[in-house]
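Shown here: work02.pdb, PDB, C-alpha atoms.
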ATOM      1  CA  MET Y   1     -86.644 116.078 -57.668
ATOM      2  CA  GLY Y   2     -83.147 117.596 -57.386
ATOM      3  CA  LEU Y   3     -81.988 120.866 -58.822
ATOM      4  CA  ILE Y   4     -80.344 119.275 -61.873
ATOM      5  CA  ALA Y   5     -83.461 117.283 -62.709
ATOM      6  CA  ARG Y   6     -85.591 120.384 -62.437
ATOM      7  CA  VAL Y   7     -83.338 122.493 -64.619
ATOM      8  CA  SER Y   8     -83.038 119.639 -67.128
ATOM      9  CA  THR Y   9     -86.800 119.203 -67.375
ATOM     10  CA  LEU Y  10     -87.478 122.930 -67.705
ATOM     11  CA  PHE Y  11     -84.771 123.442 -70.271
ATOM     12  CA  LYS Y  12     -85.622 120.396 -72.370
ATOM     13  CA  SER Y  13     -89.269 121.320 -72.485
ATOM     14  CA  LYS Y  14     -88.221 124.785 -73.648
ATOM     15  CA  VAL Y  15     -86.117 123.270 -76.419
ATOM     16  CA  ASN Y  16     -88.895 120.885 -77.461
ATOM     17  CA  THR Y  17     -91.516 123.625 -77.595
ATOM     18  CA  MET Y  18     -89.181 125.658 -79.742
ATOM     19  CA  LEU Y  19     -88.426 122.811 -82.130
ATOM     20  CA  ASP Y  20     -91.993 121.493 -82.285
ATOM     21  CA  LYS Y  21     -93.259 124.870 -83.322
ATOM     22  CA  ALA Y  22     -90.820 124.888 -86.210
ATOM     23  CA  GLU Y  23     -92.583 124.106 -89.454
ATOM     24  CA  ASP Y  24     -89.415 124.772 -91.333
ATOM     25  CA  PRO Y  25     -86.456 124.397 -88.964
ATOM     26  CA  ARG Y  26     -84.374 126.657 -91.154
ATOM     27  CA  GLU Y  27     -86.750 129.527 -90.474
ATOM     28  CA  THR Y  28     -86.585 128.916 -86.730
ATOM     29  CA  LEU Y  29     -82.808 129.022 -86.837
ATOM     30  CA  GLU Y  30     -82.825 132.213 -88.845
ATOM     31  CA  TYR Y  31     -85.431 133.872 -86.647
ATOM     32  CA  SER Y  32     -83.571 132.905 -83.508
ATOM     33  CA  TYR Y  33     -80.304 134.214 -84.876
ATOM     34  CA  GLN Y  34     -81.875 137.568 -85.796
ATOM     35  CA  LYS Y  35     -83.309 137.832 -82.328
ATOM     36  CA  GLN Y  36     -79.933 137.058 -80.760
ATOM     37  CA  ILE Y  37     -78.306 139.827 -82.781
ATOM     38  CA  GLU Y  38     -81.024 142.213 -81.649
ATOM     39  CA  GLN Y  39     -80.564 141.303 -77.984
ATOM     40  CA  LEU Y  40     -76.817 141.667 -78.247
ATOM     41  CA  GLN Y  41     -77.391 145.172 -79.567
ATOM     42  CA  ASN Y  42     -79.714 145.921 -76.652
ATOM     43  CA  VAL Y  43     -77.047 144.835 -74.207
ATOM     44  CA  ARG Y  44     -74.446 146.940 -76.014
ATOM     45  CA  ARG Y  45     -76.732 149.991 -75.974
ATOM     46  CA  GLY Y  46     -77.539 149.388 -72.314
ATOM     47  CA  ILE Y  47     -73.873 149.350 -71.403
ATOM     48  CA  ALA Y  48     -73.327 152.566 -73.375
ATOM     49  CA  GLU Y  49     -76.096 154.214 -71.337
ATOM     50  CA  VAL Y  50     -74.526 153.080 -68.096
ATOM     51  CA  VAL Y  51     -71.261 154.641 -69.267
ATOM     52  CA  THR Y  52     -73.058 157.920 -70.008
ATOM     53  CA  SER Y  53     -74.702 157.975 -66.569
ATOM     54  CA  LYS Y  54     -71.373 157.186 -64.971
ATOM     55  CA  LYS Y  55     -69.745 160.115 -66.793
ATOM     56  CA  ARG Y  56     -72.460 162.456 -65.541
ATOM     57  CA  ILE Y  57     -71.943 161.205 -61.999
ATOM     58  CA  GLU Y  58     -68.203 161.743 -62.361
ATOM     59  CA  LEU Y  59     -68.904 165.304 -63.442
ATOM     60  CA  GLN Y  60     -71.083 165.822 -60.336
ATOM     61  CA  ALA Y  61     -68.274 164.412 -58.225
ATOM     62  CA  SER Y  62     -65.727 166.784 -59.702
ATOM     63  CA  ARG Y  63     -68.096 169.743 -59.085
ATOM     64  CA  LEU Y  64     -68.475 168.569 -55.518
ATOM     65  CA  GLN Y  65     -64.691 168.413 -55.247
ATOM     66  CA  GLN Y  66     -64.465 172.030 -56.440
ATOM     67  CA  THR Y  67     -67.068 173.121 -53.906
ATOM     68  CA  ILE Y  68     -65.089 171.390 -51.180
ATOM     69  CA  SER Y  69     -61.883 173.187 -52.208
ATOM     70  CA  GLN Y  70     -63.798 176.463 -52.284
ATOM     71  CA  LEU Y  71     -65.187 175.894 -48.781
ATOM     72  CA  ASP Y  72     -61.692 175.101 -47.539
ATOM     73  CA  GLN Y  73     -60.481 178.388 -48.968
ATOM     74  CA  ASP Y  74     -63.502 180.177 -47.428
ATOM     75  CA  ALA Y  75     -62.595 178.752 -44.018
ATOM     76  CA  ARG Y  76     -59.020 180.009 -44.367
ATOM     77  CA  ASP Y  77     -60.253 183.460 -45.423
ATOM     78  CA  ALA Y  78     -62.591 183.509 -42.422
ATOM     79  CA  VAL Y  79     -59.725 182.596 -40.061
ATOM     80  CA  THR Y  80     -57.619 185.367 -41.559
ATOM     81  CA  ALA Y  81     -60.479 187.769 -40.930
ATOM     82  CA  GLY Y  82     -60.744 186.503 -37.367
ATOM     83  CA  ARG Y  83     -64.251 185.124 -37.977
ATOM     84  CA  ASP Y  84     -64.208 181.710 -36.315
ATOM     85  CA  ASP Y  85     -67.992 181.444 -36.608
ATOM     86  CA  LEU Y  86     -67.840 181.671 -40.409
ATOM     87  CA  ALA Y  87     -64.875 179.318 -40.549
ATOM     88  CA  THR Y  88     -66.785 176.740 -38.489
ATOM     89  CA  GLU Y  89     -69.783 177.028 -40.798
ATOM     90  CA  ALA Y  90     -67.606 176.586 -43.910
ATOM     91  CA  LEU Y  91     -65.772 173.598 -42.425
ATOM     92  CA  SER Y  92     -69.002 171.964 -41.344
ATOM     93  CA  ARG Y  93     -70.389 172.240 -44.887
ATOM     94  CA  LYS Y  94     -67.096 171.015 -46.255
ATOM     95  CA  GLN Y  95     -67.422 167.927 -44.095
ATOM     96  CA  THR Y  96     -70.957 167.202 -45.258
ATOM     97  CA  PHE Y  97     -69.918 167.507 -48.887
ATOM     98  CA  GLY Y  98     -66.882 165.348 -48.188
ATOM     99  CA  THR Y  99     -69.109 162.523 -46.967
ATOM    100  CA  GLN Y 100     -71.263 162.876 -50.062
ATOM    101  CA  LEU Y 101     -68.223 162.861 -52.305
ATOM    102  CA  ASP Y 102     -66.978 159.643 -50.694
ATOM    103  CA  GLY Y 103     -70.386 158.116 -51.298
ATOM    104  CA  LEU Y 104     -70.405 159.184 -54.944
ATOM    105  CA  ASN Y 105     -66.885 157.890 -55.504
ATOM    106  CA  ASN Y 106     -67.884 154.517 -54.077
ATOM    107  CA  GLN Y 107     -70.882 154.398 -56.397
ATOM    108  CA  ILE Y 108     -68.702 155.315 -59.367
ATOM    109  CA  ALA Y 109     -66.209 152.557 -58.568
ATOM    110  CA  ASP Y 110     -69.041 150.079 -58.129
ATOM    111  CA  LEU Y 111     -70.688 151.041 -61.430
ATOM    112  CA  ALA Y 112     -67.335 150.752 -63.204
ATOM    113  CA  ARG Y 113     -66.868 147.229 -61.834
ATOM    114  CA  GLU Y 114     -70.356 146.110 -62.861
ATOM    115  CA  GLU Y 115     -69.971 147.725 -66.257
ATOM    116  CA  GLN Y 116     -66.731 145.799 -66.806
ATOM    117  CA  LYS Y 117     -68.445 142.539 -65.875
ATOM    118  CA  LEU Y 118     -71.234 143.207 -68.363
ATOM    119  CA  THR Y 119     -68.759 144.134 -71.084
ATOM    120  CA  ASP Y 120     -66.932 140.829 -70.554
ATOM    121  CA  LEU Y 121     -70.238 138.968 -70.631
ATOM    122  CA  GLN Y 122     -71.255 140.739 -73.801
ATOM    123  CA  GLN Y 123     -68.006 139.754 -75.514
ATOM    124  CA  LYS Y 124     -68.472 136.150 -74.454
ATOM    125  CA  LEU Y 125     -72.025 136.139 -75.804
ATOM    126  CA  ASN Y 126     -70.821 137.706 -79.021
ATOM    127  CA  LEU Y 127     -68.617 134.653 -79.571
ATOM    128  CA  LYS Y 128     -71.515 132.327 -78.744
ATOM    129  CA  VAL Y 129     -73.825 134.008 -81.219
ATOM    130  CA  GLU Y 130     -71.097 133.884 -83.836
ATOM    131  CA  SER Y 131     -70.580 130.170 -83.251
ATOM    132  CA  PHE Y 132     -74.345 129.619 -83.436
ATOM    133  CA  ARG Y 133     -74.359 131.381 -86.797
ATOM    134  CA  THR Y 134     -71.771 128.914 -88.143
ATOM    135  CA  GLN Y 135     -73.600 125.893 -86.718
ATOM    136  CA  LYS Y 136     -76.882 127.026 -88.174
ATOM    137  CA  GLU Y 137     -75.376 127.366 -91.644
ATOM    138  CA  VAL Y 138     -74.023 123.815 -91.462
ATOM    139  CA  ILE Y 139     -77.381 122.410 -90.388
ATOM    140  CA  LYS Y 140     -79.267 124.456 -92.957
ATOM    141  CA  ALA Y 141     -77.024 123.161 -95.718
ATOM    142  CA  GLN Y 142     -77.917 119.608 -94.668
ATOM    143  CA  PHE Y 143     -81.623 120.183 -95.077
ATOM    144  CA  SER Y 144     -83.346 120.268 -98.408
ATOM    145  CA  ALA Y 145     -86.770 121.812 -98.537
ATOM    146  CA  ALA Y 146     -88.367 118.357 -98.660
ATOM    147  CA  GLN Y 147     -86.414 117.173 -95.647
ATOM    148  CA  ALA Y 148     -87.344 120.242 -93.703
ATOM    149  CA  GLN Y 149     -90.785 118.794 -92.965
ATOM    150  CA  VAL Y 150     -89.326 115.582 -91.595
ATOM    151  CA  LYS Y 151     -88.662 115.577 -87.894
ATOM    152  CA  ILE Y 152     -85.107 115.929 -87.193
ATOM    153  CA  GLY Y 153     -82.093 114.120 -85.875
ATOM    154  CA  GLU Y 154     -79.873 114.536 -82.880
ATOM    155  CA  ALA Y 155     -77.728 117.209 -84.477
ATOM    156  CA  PHE Y 156     -80.759 119.441 -84.694
ATOM    157  CA  THR Y 157     -81.728 118.761 -81.086
ATOM    158  CA  GLY Y 158     -78.147 119.567 -80.122
ATOM    159  CA  LEU Y 159     -78.301 122.794 -82.048
ATOM    160  CA  GLY Y 160     -81.724 123.484 -80.529
ATOM    161  CA  GLU Y 161     -80.117 123.233 -77.095
ATOM    162  CA  ASP Y 162     -77.362 125.631 -78.065
ATOM    163  CA  MET Y 163     -79.941 127.999 -79.463
ATOM    164  CA  ALA Y 164     -82.082 127.927 -76.304
ATOM    165  CA  ASP Y 165     -78.945 128.277 -74.167
ATOM    166  CA  VAL Y 166     -77.713 131.354 -76.030
ATOM    167  CA  ASN Y 167     -81.227 132.828 -76.010
ATOM    168  CA  MET Y 168     -81.515 132.418 -72.248
ATOM    169  CA  ALA Y 169     -78.025 133.779 -71.629
ATOM    170  CA  LEU Y 170     -78.856 136.821 -73.729
ATOM    171  CA  GLN Y 171     -82.103 137.357 -71.859
ATOM    172  CA  ARG Y 172     -80.248 137.252 -68.540
ATOM    173  CA  ALA Y 173     -77.575 139.632 -69.820
ATOM    174  CA  GLN Y 174     -80.309 141.999 -70.962
ATOM    175  CA  ASP Y 175     -82.001 141.847 -67.546
ATOM    176  CA  LYS Y 176     -78.706 142.496 -65.785
ATOM    177  CA  THR Y 177     -77.953 145.429 -68.062
ATOM    178  CA  GLU Y 178     -81.373 146.949 -67.423
ATOM    179  CA  ALA Y 179     -80.898 146.588 -63.672
ATOM    180  CA  LEU Y 180     -77.533 148.328 -63.843
ATOM    181  CA  GLN Y 181     -78.974 151.082 -66.049
ATOM    182  CA  ALA Y 182     -81.680 151.696 -63.463
ATOM    183  CA  ARG Y 183     -79.113 151.843 -60.676
ATOM    184  CA  ALA Y 184     -76.839 154.228 -62.559
ATOM    185  CA  ALA Y 185     -79.810 156.465 -63.369
ATOM    186  CA  ALA Y 186     -80.878 156.483 -59.709
ATOM    187  CA  VAL Y 187     -77.418 157.564 -58.521
ATOM    188  CA  ASP Y 188     -77.328 160.138 -61.290
ATOM    189  CA  ASP Y 189     -80.705 161.577 -60.198
ATOM    190  CA  LEU Y 190     -79.653 161.628 -56.577
ATOM    191  CA  ALA Y 191     -76.399 163.431 -57.357
ATOM    192  CA  ASP Y 192     -78.407 165.966 -59.349
ATOM    193  CA  ASN Y 193     -80.887 166.578 -56.558
ATOM    194  CA  PRO Y 194     -80.273 169.895 -54.747
ATOM    195  CA  ALA Y 195     -81.439 168.371 -51.447
ATOM    196  CA  PHE Y 196     -78.605 165.876 -51.700
ATOM    197  CA  GLN Y 197     -76.167 168.756 -51.939
ATOM    198  CA  LEU Y 198     -77.345 170.414 -48.732
ATOM    199  CA  GLN Y 199     -78.212 167.728 -46.229
ATOM    200  CA  SER Y 200     -75.942 165.208 -44.702
ATOM    201  CA  PRO Y 201     -77.246 161.758 -45.512
ATOM    202  CA  SER Y 202     -79.655 160.436 -42.896
ATOM    203  CA  THR Y 203     -79.051 156.948 -41.570
ATOM    204  CA  GLY Y 204     -82.779 156.543 -40.974
ATOM    205  CA  ASP Y 205     -82.082 156.301 -37.257
ATOM    206  CA  SER Y 206     -82.624 159.608 -35.397
ATOM    207  CA  ILE Y 207     -80.328 158.715 -32.484
ATOM    208  CA  ARG Y 208     -77.503 157.769 -34.801
ATOM    209  CA  ASP Y 209     -78.095 160.942 -36.855
ATOM    210  CA  GLU Y 210     -77.788 163.004 -33.686
ATOM    211  CA  LEU Y 211     -74.600 161.203 -32.633
ATOM    212  CA  ASN Y 212     -73.138 161.687 -36.099
ATOM    213  CA  LYS Y 213     -73.908 165.397 -35.803
ATOM    214  CA  ILE Y 214     -72.026 165.599 -32.492
ATOM    215  CA  LYS Y 215     -69.103 163.654 -33.950
ATOM    216  CA  GLY Y 216     -69.218 165.950 -36.973
ATOM    217  CA  SER Y 217     -69.133 169.124 -34.908
ATOM    218  CA  SER Y 218     -66.218 167.931 -32.774
ATOM    219  CA  SER Y 219     -64.260 167.046 -35.888
ATOM    220  CA  VAL Y 220     -65.135 170.483 -37.325
ATOM    221  CA  ASP Y 221     -63.665 172.009 -34.147
ATOM    222  CA  SER Y 222     -60.488 169.991 -34.465
ATOM    223  CA  GLU Y 223     -60.194 170.859 -38.151
ATOM    224  CA  LEU Y 224     -60.538 174.537 -37.274
ATOM    225  CA  LEU Y 225     -57.733 174.172 -34.742
ATOM    226  CA  ARG Y 226     -55.596 172.351 -37.279
ATOM    227  CA  LEU Y 227     -56.263 175.057 -39.887
ATOM    228  CA  LYS Y 228     -55.371 177.821 -37.455
ATOM    229  CA  ALA Y 229     -52.162 176.068 -36.439
ATOM    230  CA  GLU Y 230     -51.279 175.629 -40.093
ATOM    231  CA  MET Y 231     -51.871 179.334 -40.749
ATOM    232  CA  GLY Y 232     -49.940 180.354 -37.639
ATOM    233  CA  LYS Y 233     -53.119 181.704 -36.063
ATOM    234  CA  GLY Y 234     -53.359 179.755 -32.829
ATOM    235  CA  ASP Y 235     -55.901 180.651 -30.153
ATOM    236  CA  SER Y 236     -53.195 182.499 -28.225
ATOM    237  CA  GLN Y 237     -53.025 185.184 -30.865
TER     238      GLN Y 237
ATOM    239  CA  MET M   1     -73.247 110.914 -70.140
ATOM    240  CA  ILE M   2     -73.407 114.435 -71.609
ATOM    241  CA  ILE M   3     -73.873 117.261 -69.118
ATOM    242  CA  ARG M   4     -74.452 120.854 -70.145
ATOM    243  CA  ILE M   5     -73.672 123.857 -67.960
ATOM    244  CA  LEU M   6     -75.875 126.639 -69.275
ATOM    245  CA  SER M   7     -74.002 129.614 -70.771
ATOM    246  CA  GLU M   8     -70.853 127.505 -70.779
ATOM    247  CA  GLY M   9     -70.933 124.285 -72.790
ATOM    248  CA  GLN M  10     -71.191 120.506 -72.693
ATOM    249  CA  TYR M  11     -69.019 117.903 -70.943
ATOM    250  CA  ARG M  12     -68.810 114.123 -71.263
ATOM    251  CA  LEU M  13     -68.584 112.350 -67.890
ATOM    252  CA  ASP M  14     -68.934 108.844 -66.546
ATOM    253  CA  GLY M  15     -68.753 106.490 -63.565
ATOM    254  CA  PRO M  16     -67.617 107.838 -60.237
ATOM    255  CA  SER M  17     -68.109 111.487 -61.217
ATOM    256  CA  LEU M  18     -71.778 110.838 -61.903
ATOM    257  CA  GLU M  19     -72.267 109.410 -58.438
ATOM    258  CA  ARG M  20     -70.543 112.415 -56.942
ATOM    259  CA  ILE M  21     -72.773 114.730 -58.971
ATOM    260  CA  LYS M  22     -75.858 112.903 -57.738
ATOM    261  CA  ARG M  23     -74.759 113.289 -54.101
ATOM    262  CA  LEU M  24     -73.928 116.986 -54.505
ATOM    263  CA  ASP M  25     -77.256 117.560 -56.232
ATOM    264  CA  ASP M  26     -79.085 116.041 -53.246
ATOM    265  CA  ASP M  27     -77.078 118.228 -50.841
ATOM    266  CA  LEU M  28     -77.836 121.260 -52.977
ATOM    267  CA  MET M  29     -81.557 120.676 -52.684
ATOM    268  CA  VAL M  30     -81.280 120.550 -48.898
ATOM    269  CA  THR M  31     -79.526 123.945 -48.800
ATOM    270  CA  VAL M  32     -82.309 125.494 -50.875
ATOM    271  CA  LEU M  33     -85.058 123.982 -48.741
ATOM    272  CA  GLU M  34     -83.278 125.015 -45.537
ATOM    273  CA  ASP M  35     -82.443 128.480 -46.843
ATOM    274  CA  GLN M  36     -78.633 128.331 -46.550
ATOM    275  CA  PRO M  37     -77.238 130.553 -49.321
ATOM    276  CA  THR M  38     -73.568 130.260 -48.267
ATOM    277  CA  GLU M  39     -73.679 126.470 -48.217
ATOM    278  CA  PHE M  40     -75.621 126.504 -51.452
ATOM    279  CA  HIS M  41     -72.902 128.443 -53.294
ATOM    280  CA  ARG M  42     -70.153 126.250 -51.842
ATOM    281  CA  ILE M  43     -71.840 123.030 -52.970
ATOM    282  CA  PHE M  44     -72.852 124.486 -56.325
ATOM    283  CA  ASP M  45     -69.213 125.478 -56.967
ATOM    284  CA  ASP M  46     -68.120 121.921 -56.069
ATOM    285  CA  LEU M  47     -70.720 120.558 -58.456
ATOM    286  CA  LEU M  48     -69.494 122.763 -61.311
ATOM    287  CA  THR M  49     -65.895 121.755 -60.562
ATOM    288  CA  VAL M  50     -66.771 118.055 -60.827
ATOM    289  CA  VAL M  51     -68.601 118.556 -64.135
ATOM    290  CA  ARG M  52     -65.683 120.538 -65.520
ATOM    291  CA  THR M  53     -63.342 117.607 -64.889
ATOM    292  CA  GLY M  54     -65.162 115.892 -67.775
ATOM    293  CA  HIS M  55     -64.143 116.035 -71.421
ATOM    294  CA  ARG M  56     -65.332 119.310 -72.879
ATOM    295  CA  LEU M  57     -67.187 118.968 -76.180
ATOM    296  CA  SER M  58     -66.340 121.289 -79.017
ATOM    297  CA  PRO M  59     -69.120 123.739 -79.955
ATOM    298  CA  THR M  60     -69.260 122.152 -83.423
ATOM    299  CA  GLU M  61     -70.231 118.799 -81.899
ATOM    300  CA  LEU M  62     -74.020 118.874 -81.864
ATOM    301  CA  VAL M  63     -75.363 116.344 -79.387
ATOM    302  CA  GLU M  64     -78.252 116.235 -76.989
ATOM    303  CA  SER M  65     -77.482 116.593 -73.265
ATOM    304  CA  ASP M  66     -78.594 114.086 -70.658
ATOM    305  CA  LEU M  67     -78.441 116.559 -67.808
ATOM    306  CA  ILE M  68     -78.536 120.340 -67.648
ATOM    307  CA  LEU M  69     -76.944 122.488 -64.957
ATOM    308  CA  PRO M  70     -77.870 126.131 -64.451
ATOM    309  CA  ALA M  71     -75.391 128.867 -65.398
ATOM    310  CA  ALA M  72     -72.460 129.267 -63.017
ATOM    311  CA  ASP M  73     -73.611 132.750 -61.988
ATOM    312  CA  MET M  74     -77.016 131.550 -60.794
ATOM    313  CA  THR M  75     -78.095 133.421 -57.679
ATOM    314  CA  PHE M  76     -79.624 131.809 -54.612
ATOM    315  CA  ALA M  77     -82.875 133.629 -55.365
ATOM    316  CA  GLU M  78     -83.001 132.078 -58.833
ATOM    317  CA  ALA M  79     -82.367 128.625 -57.378
ATOM    318  CA  LYS M  80     -85.186 129.074 -54.858
ATOM    319  CA  GLN M  81     -87.488 130.131 -57.635
ATOM    320  CA  LEU M  82     -86.751 126.879 -59.471
ATOM    321  CA  PHE M  83     -88.009 124.940 -56.482
ATOM    322  CA  HIS M  84     -91.075 127.039 -55.993
ATOM    323  CA  SER M  85     -92.361 126.970 -59.540
ATOM    324  CA  ASP M  86     -93.836 123.572 -60.252
ATOM    325  CA  SER M  87     -95.728 124.913 -63.186
ATOM    326  CA  GLY M  88     -92.983 124.328 -65.712
ATOM    327  CA  PRO M  89     -91.041 126.824 -67.827
ATOM    328  CA  SER M  90     -91.982 130.427 -67.370
TER     329      SER M  90
END
Output the file's structure in the form of structure tokens.
Amino acid sequence: MGLIARVSTLFKSKVNTMLDKAEDPRETLEYSYQKQIEQLQNVRRGIAEVVTSKKRIELQASRLQQTISQLDQDARDAVTAGRDDLATEALSRKQTFGTQLDGLNNQIADLAREEQKLTDLQQKLNLKVESFRTQKEVIKAQFSAAQAQVKIGEAFTGLGEDMADVNMALQRAQDKTEALQARAAAVDDLADNPAFQLQSPSTGDSIRDELNKIKGSSSVDSELLRLKAEMGKGDSQ
Amino acid sequence: MIIRILSEGQYRLDGPSLERIKRLDDDLMVTVLEDQPTEFHRIFDDLLTVVRTGHRLSPTELVESDLILPAADMTFAEAKQLFHSDSGPS
């Protein structure tokens, strides 16, 4: 059986189960609509939480930026005082924080992109739910209470499909929102963690970590030279 | 024939397009069985493009679909799951 046949069978059986259960189709429509509204709200709330997490992460990033500026100033002060050892230490910490800041900024940009996608999806679903509301009113108006017990024509099956489709789309949107919430919260926690502030991120590979350290220290040396040149305090002085 | 793309809407198609859809659907199954996500997405996009050449039904037209396609943003993992669950709807 191909993919289309599989999806068709699964989906149709979902629709049939839903419609068969309906003693009064009007109630099913109403219930489904209420549930759609609820799920839309969940998605909306989820997105709002992602936005809140993102704001907190942005705040962490701006604190990190301040620390970096401070360390840069510290290094300059140390050079002025003729303390190359302190300047090296300050520049090395500045570099570690710089790497972390880059990481955070990437995460922020990524979260913003995903959040935008979800917002678009939510707006699209909003329209779908709204159109389902109109369809359901039309169908309901066509049923009298007596007719409601009679099993139903193609229009109702068609509406049943739309209903199941919107329900599934909402469920997926809700799952996606929850996943993004979890990711945003994880980045937020990490940015809040004091250990994150002090250690350079490990690659999980000790040789690479060691090489990165060497690369880091040589670039600290060159930054110190650059700083001294900038301040007119070359090694000759 | 009425074909629905989930999360998108219904299209009316006939003749040569249906044969093309059938062929692409067969190819799609092969990519899932042989674990080729890149090929899978390429063929799935082609499949959606063919269906979208059909006449799009208005949302107020309530008719039953003959075939159902998954949503356009289906992931490869979701597609694989479809082939591994023979137990029916979850």
For this session: Determine the residue membership of the ChimeraX specification (/Y :<7) & /M for the file above and supply it as a ChimeraX atom specification.
Result: /M:6-7,25-26,29,60,62-64,67-70,88-89
Seminar exercise, completed: Of Y:Lys213, Y:Arg183, Y:Lys233, Y:Arg26, the one nearest to Gln95 (chain Y) when counting only C-alpha atoms is Y:Lys213
Exercise. Using all atoms listed in the file, which residues sit within 9 Å of region 37-41 of chain Y once same-chain residues fewer than 3 positions away are excluded, as a list in words?
Worked result: Ser32, Tyr33, Gln34, Arg44, Arg45, Gly46, Gln122, Leu125, Asn126, Val129, Asn167, Leu170, Gln171, Ala173 and Gln174 of chain Y
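The residue that comes closest to Gly216 (chain Y), out of Y:Val187, Y:Ala48, Y:Leu91, Y:Ala22 and on the basis of all atoms listed in the file, is Y:Leu91.
Taking CA of Leu111 (chain Y) and CA of Asp205 (chain Y) as endpoints, the distance between them is 27.2 Å.
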Exercise. Using only C-alpha atoms, which of Y:Glu58, Y:Glu210, Y:Glu130, Y:Glu137 sits nearest Asn105 (chain Y)?
Worked result: Y:Glu58
